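> Dumping the structure here so I can ask a few things about it.
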Amino acid sequence: MKRIFIDTNAFFRGRERFLKLIEDGYRLVTCTIVVYEFLKVIDELIAEEKDPRRRKLYIKLKNRFPSLLEDLDIEILSHRISAQEIREALMIMEEKSVDIGDALIYLLLKREKIREILTYDDDWKRLNIEVTQ
Amino acid sequence: MSGIIRRKVDSKGRVVLPFKDVREVLIVKSGDVIIASPKRSEIERILRIIEEYNKREKLKIAEDWFRLVEEAGLSEIEESKIQEILKKGMLREVV
């Protein structure tokens, strides 16, 4: 079964593409950095939102997120990294102009032999991975 | 004909299957459920049904999710906006 990595932004946008991946029988994979980023974004939105209706929807999304991962059988990869990998990540950041999160995810994908990512972040186009949008 | 059959499991996790003159069975496992059959074609048919059902369920779950995202006005959020929100939150935590 083909595995594809789901980036933070793909939990917000690109409904059709996401559904197509399920339809095509892909195994969806994400990681702890993405989980952190998604929940952090939602938390910030909740903290700043004045409209009670919209705030309620953000809270609903936040609470629904763990079951979404579970119900869609999304595999959550953990980051266990060595000092050497941090050095590598720093080099990737410098060479490819990406942030530390993306560099660490890239190393994780290499280790896991995952060659495709669903993302709407164009920075990924500078890395050696197939970008699906 | 289909139905549910209750069987005892021994201390080693073994169970006697209700098949006669069969030396080998094929098993489909889905979560906590297993279905066994001596016939490959039958087990493949059941597997297809389970996979199709699972896929439909997943599609429904994903559709519900994106409907909620859209209702919250986040379905067109740009990556730059996500990064901006993240940076703002992190800065607030360290300052």
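By order in the structure tokens, chains are A, B, ...; within a chain, residues start at 1; ligands start at 1, following the order shown.
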Could you write out, as a ChimeraX atom specification, all the residues of region 44-93 of chain A that DSSP marks as helix (DSSP H, G or I)?
/A:44-48,52-71,83-93
> Go ahead and write the residues just picked, N, CA and C atoms, as an mmCIF file, in the first residue's frame.

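The result, written out as result_3.cif:
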data_model
loop_
_atom_site.group_PDB
_atom_site.id
_atom_site.type_symbol
_atom_site.label_atom_id
_atom_site.label_comp_id
_atom_site.auth_asym_id
_atom_site.auth_seq_id
_atom_site.Cartn_x
_atom_site.Cartn_y
_atom_site.Cartn_z
ATOM 1 N N GLU A 44 -4.680 29.122 18.729
ATOM 2 C CA GLU A 44 -4.491 30.570 18.525
ATOM 3 C C GLU A 44 -5.764 31.199 17.985
ATOM 4 N N LEU A 45 -6.393 30.500 17.037
ATOM 5 C CA LEU A 45 -7.633 31.023 16.457
ATOM 6 C C LEU A 45 -8.718 31.127 17.530
ATOM 7 N N ILE A 46 -8.799 30.112 18.376
ATOM 8 C CA ILE A 46 -9.797 30.119 19.460
ATOM 9 C C ILE A 46 -9.537 31.313 20.391
ATOM 10 N N ALA A 47 -8.258 31.511 20.727
ATOM 11 C CA ALA A 47 -7.902 32.586 21.659
ATOM 12 C C ALA A 47 -8.241 33.962 21.103
ATOM 13 N N GLU A 48 -8.145 34.116 19.787
ATOM 14 C CA GLU A 48 -8.341 35.448 19.203
ATOM 15 C C GLU A 48 -9.745 35.717 18.674
ATOM 16 N N PRO A 52 -18.692 34.276 18.744
ATOM 17 C CA PRO A 52 -18.900 33.030 19.505
ATOM 18 C C PRO A 52 -19.244 31.818 18.636
ATOM 19 N N ARG A 53 -19.950 32.054 17.511
ATOM 20 C CA ARG A 53 -20.330 30.938 16.636
ATOM 21 C C ARG A 53 -19.091 30.311 16.005
ATOM 22 N N ARG A 54 -18.220 31.184 15.498
ATOM 23 C CA ARG A 54 -17.009 30.691 14.850
ATOM 24 C C ARG A 54 -16.048 30.052 15.872
ATOM 25 N N ARG A 55 -16.006 30.669 17.042
ATOM 26 C CA ARG A 55 -15.155 30.133 18.119
ATOM 27 C C ARG A 55 -15.583 28.705 18.472
ATOM 28 N N LYS A 56 -16.894 28.510 18.508
ATOM 29 C CA LYS A 56 -17.451 27.190 18.816
ATOM 30 C C LYS A 56 -17.028 26.168 17.751
ATOM 31 N N LEU A 57 -17.011 26.622 16.505
ATOM 32 C CA LEU A 57 -16.607 25.724 15.408
ATOM 33 C C LEU A 57 -15.123 25.344 15.525
ATOM 34 N N TYR A 58 -14.297 26.304 15.905
ATOM 35 C CA TYR A 58 -12.866 26.014 16.091
ATOM 36 C C TYR A 58 -12.677 24.965 17.203
ATOM 37 N N ILE A 59 -13.442 25.160 18.278
ATOM 38 C CA ILE A 59 -13.343 24.210 19.404
ATOM 39 C C ILE A 59 -13.785 22.813 18.946
ATOM 40 N N LYS A 60 -14.825 22.806 18.113
ATOM 41 C CA LYS A 60 -15.330 21.528 17.592
ATOM 42 C C LYS A 60 -14.245 20.837 16.754
ATOM 43 N N LEU A 61 -13.559 21.627 15.930
ATOM 44 C CA LEU A 61 -12.480 21.069 15.088
ATOM 45 C C LEU A 61 -11.359 20.502 15.959
ATOM 46 N N LYS A 62 -11.010 21.264 16.978
ATOM 47 C CA LYS A 62 -9.932 20.844 17.886
ATOM 48 C C LYS A 62 -10.280 19.515 18.566
ATOM 49 N N ASN A 63 -11.504 19.422 19.051
ATOM 50 C CA ASN A 63 -11.914 18.202 19.751
ATOM 51 C C ASN A 63 -12.111 17.017 18.814
ATOM 52 N N ARG A 64 -12.443 17.330 17.577
ATOM 53 C CA ARG A 64 -12.708 16.262 16.603
ATOM 54 C C ARG A 64 -11.405 15.690 16.025
ATOM 55 N N PHE A 65 -10.334 16.483 16.062
ATOM 56 C CA PHE A 65 -9.081 16.108 15.391
ATOM 57 C C PHE A 65 -8.536 14.713 15.786
ATOM 58 N N PRO A 66 -8.446 14.384 17.097
ATOM 59 C CA PRO A 66 -7.912 13.052 17.433
ATOM 60 C C PRO A 66 -8.728 11.910 16.817
ATOM 61 N N SER A 67 -10.062 12.025 16.851
ATOM 62 C CA SER A 67 -10.879 10.950 16.260
ATOM 63 C C SER A 67 -10.737 10.911 14.747
ATOM 64 N N LEU A 68 -10.498 12.073 14.133
ATOM 65 C CA LEU A 68 -10.293 12.081 12.672
ATOM 66 C C LEU A 68 -9.079 11.210 12.328
ATOM 67 N N LEU A 69 -8.000 11.417 13.069
ATOM 68 C CA LEU A 69 -6.774 10.636 12.831
ATOM 69 C C LEU A 69 -7.043 9.145 13.031
ATOM 70 N N GLU A 70 -7.802 8.868 14.076
ATOM 71 C CA GLU A 70 -8.117 7.478 14.413
ATOM 72 C C GLU A 70 -9.044 6.850 13.364
ATOM 73 N N ASP A 71 -10.114 7.565 13.037
ATOM 74 C CA ASP A 71 -11.124 7.012 12.118
ATOM 75 C C ASP A 71 -10.585 6.817 10.706
ATOM 76 N N ALA A 83 21.700 13.991 17.433
ATOM 77 C CA ALA A 83 22.386 15.275 17.233
ATOM 78 C C ALA A 83 22.830 15.394 15.772
ATOM 79 N N GLN A 84 23.249 14.268 15.199
ATOM 80 C CA GLN A 84 23.688 14.276 13.805
ATOM 81 C C GLN A 84 22.539 14.690 12.868
ATOM 82 N N GLU A 85 21.340 14.187 13.179
ATOM 83 C CA GLU A 85 20.184 14.545 12.346
ATOM 84 C C GLU A 85 19.822 16.026 12.501
ATOM 85 N N ILE A 86 20.052 16.564 13.684
ATOM 86 C CA ILE A 86 19.797 18.003 13.874
ATOM 87 C C ILE A 86 20.765 18.795 12.987
ATOM 88 N N ARG A 87 22.015 18.330 12.942
ATOM 89 C CA ARG A 87 23.009 18.990 12.064
ATOM 90 C C ARG A 87 22.543 18.924 10.609
ATOM 91 N N GLU A 88 22.076 17.736 10.221
ATOM 92 C CA GLU A 88 21.586 17.561 8.846
ATOM 93 C C GLU A 88 20.407 18.493 8.571
ATOM 94 N N ALA A 89 19.498 18.592 9.562
ATOM 95 C CA ALA A 89 18.323 19.457 9.406
ATOM 96 C C ALA A 89 18.761 20.909 9.226
ATOM 97 N N LEU A 90 19.774 21.327 9.992
ATOM 98 C CA LEU A 90 20.272 22.702 9.877
ATOM 99 C C LEU A 90 20.859 22.963 8.490
ATOM 100 N N MET A 91 21.521 21.947 7.960
ATOM 101 C CA MET A 91 22.081 22.083 6.606
ATOM 102 C C MET A 91 20.977 22.197 5.560
ATOM 103 N N ILE A 92 19.947 21.366 5.712
ATOM 104 C CA ILE A 92 18.809 21.403 4.781
ATOM 105 C C ILE A 92 18.140 22.782 4.830
ATOM 106 N N MET A 93 17.981 23.307 6.049
ATOM 107 C CA MET A 93 17.371 24.632 6.219
ATOM 108 C C MET A 93 18.132 25.677 5.420
#
> Within 7 Å of chain B, which residues of chain A show up when using only C-alpha atoms, listed as a list in words?
Asn9, Phe12, Arg13, Arg15, Leu19, Ile22, Glu23, Lys40, Val41, Glu44, Arg54, Leu57, Tyr58, Asp71, Leu72, Tyr120 and Asp121 of chain A
> Could you pull out the strand (DSSP E) residues of chain B, going by DSSP on the backbone, and write them as a list of chain:residue names?
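Taking chain B and keeping strand (DSSP E) only, one gets B:Leu26, B:Ile27, B:Val28, B:Lys29, B:Ser30, B:Val33, B:Ile34, B:Ile35, B:Ala36, B:Ser37.
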> Skipping near chain neighbours, those fewer than 4 positions away, what residues fall within 12 Å of Ile129 (chain A) using only C-alpha atoms, listed as a ChimeraX atom specification?
/A:4-5,102,105-107,109-110,113-119,122-125
> May I have the residues from that selection written out with C-alpha atoms, as a JSON list (two decimals), in the first residue's frame?

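Generated file (selection.json):
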[["chain", "number", "residue", "atom", "x", "y", "z"],
["A", 4, "ILE", "CA", 1.59, 9.60, 1.59],
["A", 5, "PHE", "CA", 2.48, 12.21, 4.18],
["A", 102, "ASP", "CA", 9.96, 21.04, 7.37],
["A", 105, "ILE", "CA", 9.86, 16.19, 8.65],
["A", 106, "TYR", "CA", 11.91, 15.73, 5.47],
["A", 107, "LEU", "CA", 14.51, 13.66, 7.36],
["A", 109, "LEU", "CA", 10.19, 10.91, 5.50],
["A", 110, "LYS", "CA", 13.56, 9.86, 4.14],
["A", 113, "LYS", "CA", 10.98, 5.84, 2.78],
["A", 114, "ILE", "CA", 7.88, 7.98, 2.15],
["A", 115, "ARG", "CA", 8.24, 9.67, -1.23],
["A", 116, "GLU", "CA", 5.04, 11.67, -1.53],
["A", 117, "ILE", "CA", 3.54, 14.54, 0.45],
["A", 118, "LEU", "CA", 0.15, 16.24, 0.32],
["A", 119, "THR", "CA", 0.94, 19.88, 1.01],
["A", 122, "ASP", "CA", 5.54, 25.51, -1.93],
["A", 123, "ASP", "CA", 8.74, 25.23, 0.13],
["A", 124, "TRP", "CA", 8.39, 21.46, -0.29],
["A", 125, "LYS", "CA", 8.96, 21.83, -4.03]]
> Report as number ranges by chain all protein, DNA and RNA residues lying within 12 Å of region 19-36 of chain B, evaluated on only C-alpha atoms, omitting residues in the same chain fewer than 2 positions from it.
A: 71, 73; B: 2-5, 15-17, 38-51, 53-54
> Atoms to include: N, CA and C atoms. Write the selected residues as an mmCIF file, in the first residue's frame.

data_model
loop_
_atom_site.group_PDB
_atom_site.id
_atom_site.type_symbol
_atom_site.label_atom_id
_atom_site.label_comp_id
_atom_site.auth_asym_id
_atom_site.auth_seq_id
_atom_site.Cartn_x
_atom_site.Cartn_y
_atom_site.Cartn_z
ATOM 1 N N ASP A 71 -10.114 7.565 13.037
ATOM 2 C CA ASP A 71 -11.124 7.012 12.118
ATOM 3 C C ASP A 71 -10.585 6.817 10.706
ATOM 4 N N ASP A 73 -7.537 6.048 10.128
ATOM 5 C CA ASP A 73 -6.333 5.187 10.268
ATOM 6 C C ASP A 73 -5.072 5.925 9.864
ATOM 7 N N SER B 2 -25.947 -17.315 6.540
ATOM 8 C CA SER B 2 -24.951 -16.733 7.435
ATOM 9 C C SER B 2 -25.519 -16.617 8.844
ATOM 10 N N GLY B 3 -24.643 -16.539 9.798
ATOM 11 C CA GLY B 3 -25.069 -16.420 11.189
ATOM 12 C C GLY B 3 -23.867 -16.351 12.090
ATOM 13 N N ILE B 4 -24.134 -16.151 13.361
ATOM 14 C CA ILE B 4 -23.032 -16.061 14.326
ATOM 15 C C ILE B 4 -22.935 -17.386 15.091
ATOM 16 N N ILE B 5 -21.736 -17.934 15.178
ATOM 17 C CA ILE B 5 -21.518 -19.190 15.906
ATOM 18 C C ILE B 5 -20.604 -18.911 17.101
ATOM 19 N N VAL B 15 -9.143 -22.287 18.532
ATOM 20 C CA VAL B 15 -10.585 -22.462 18.420
ATOM 21 C C VAL B 15 -10.862 -23.504 17.331
ATOM 22 N N VAL B 16 -11.880 -24.313 17.544
ATOM 23 C CA VAL B 16 -12.230 -25.315 16.520
ATOM 24 C C VAL B 16 -13.204 -24.659 15.547
ATOM 25 N N LEU B 17 -12.840 -24.671 14.289
ATOM 26 C CA LEU B 17 -13.688 -24.028 13.285
ATOM 27 C C LEU B 17 -14.768 -25.003 12.791
ATOM 28 N N PRO B 38 -12.421 -21.799 3.869
ATOM 29 C CA PRO B 38 -11.477 -22.627 3.107
ATOM 30 C C PRO B 38 -11.429 -22.219 1.641
ATOM 31 N N LYS B 39 -12.381 -21.402 1.213
ATOM 32 C CA LYS B 39 -12.447 -21.024 -0.207
ATOM 33 C C LYS B 39 -11.835 -19.648 -0.444
ATOM 34 N N ARG B 40 -10.807 -19.602 -1.270
ATOM 35 C CA ARG B 40 -10.142 -18.336 -1.569
ATOM 36 C C ARG B 40 -11.096 -17.313 -2.194
ATOM 37 N N SER B 41 -11.924 -17.790 -3.150
ATOM 38 C CA SER B 41 -12.816 -16.849 -3.842
ATOM 39 C C SER B 41 -13.789 -16.187 -2.864
ATOM 40 N N GLU B 42 -14.271 -16.972 -1.899
ATOM 41 C CA GLU B 42 -15.218 -16.446 -0.906
ATOM 42 C C GLU B 42 -14.554 -15.404 -0.005
ATOM 43 N N ILE B 43 -13.350 -15.759 0.443
ATOM 44 C CA ILE B 43 -12.659 -14.862 1.370
ATOM 45 C C ILE B 43 -12.258 -13.566 0.639
ATOM 46 N N GLU B 44 -11.921 -13.693 -0.638
ATOM 47 C CA GLU B 44 -11.581 -12.490 -1.411
ATOM 48 C C GLU B 44 -12.819 -11.605 -1.613
ATOM 49 N N ARG B 45 -13.961 -12.253 -1.799
ATOM 50 C CA ARG B 45 -15.207 -11.491 -1.974
ATOM 51 C C ARG B 45 -15.531 -10.728 -0.684
ATOM 52 N N ILE B 46 -15.407 -11.409 0.451
ATOM 53 C CA ILE B 46 -15.676 -10.769 1.752
ATOM 54 C C ILE B 46 -14.695 -9.620 1.985
ATOM 55 N N LEU B 47 -13.425 -9.858 1.640
ATOM 56 C CA LEU B 47 -12.395 -8.835 1.818
ATOM 57 C C LEU B 47 -12.731 -7.582 1.004
ATOM 58 N N ARG B 48 -13.175 -7.803 -0.242
ATOM 59 C CA ARG B 48 -13.548 -6.656 -1.098
ATOM 60 C C ARG B 48 -14.694 -5.868 -0.474
ATOM 61 N N ILE B 49 -15.679 -6.600 0.069
ATOM 62 C CA ILE B 49 -16.843 -5.939 0.690
ATOM 63 C C ILE B 49 -16.382 -5.104 1.896
ATOM 64 N N ILE B 50 -15.524 -5.697 2.729
ATOM 65 C CA ILE B 50 -15.035 -4.979 3.927
ATOM 66 C C ILE B 50 -14.237 -3.745 3.515
ATOM 67 N N GLU B 51 -13.354 -3.931 2.523
ATOM 68 C CA GLU B 51 -12.529 -2.797 2.084
ATOM 69 C C GLU B 51 -13.383 -1.674 1.510
ATOM 70 N N TYR B 53 -16.519 -1.075 2.198
ATOM 71 C CA TYR B 53 -17.264 -0.480 3.308
ATOM 72 C C TYR B 53 -16.368 0.489 4.089
ATOM 73 N N ASN B 54 -15.155 0.027 4.401
ATOM 74 C CA ASN B 54 -14.210 0.879 5.144
ATOM 75 C C ASN B 54 -13.904 2.159 4.386
#
> Give me, as a ChimeraX atom specification, all polymer residues having an atom no more than 8 Å from Phe38 (chain A), counting only C-alpha atoms and skipping those fewer than 3 positions away in the same chain.
/A:8-9,11,34-35,41-42
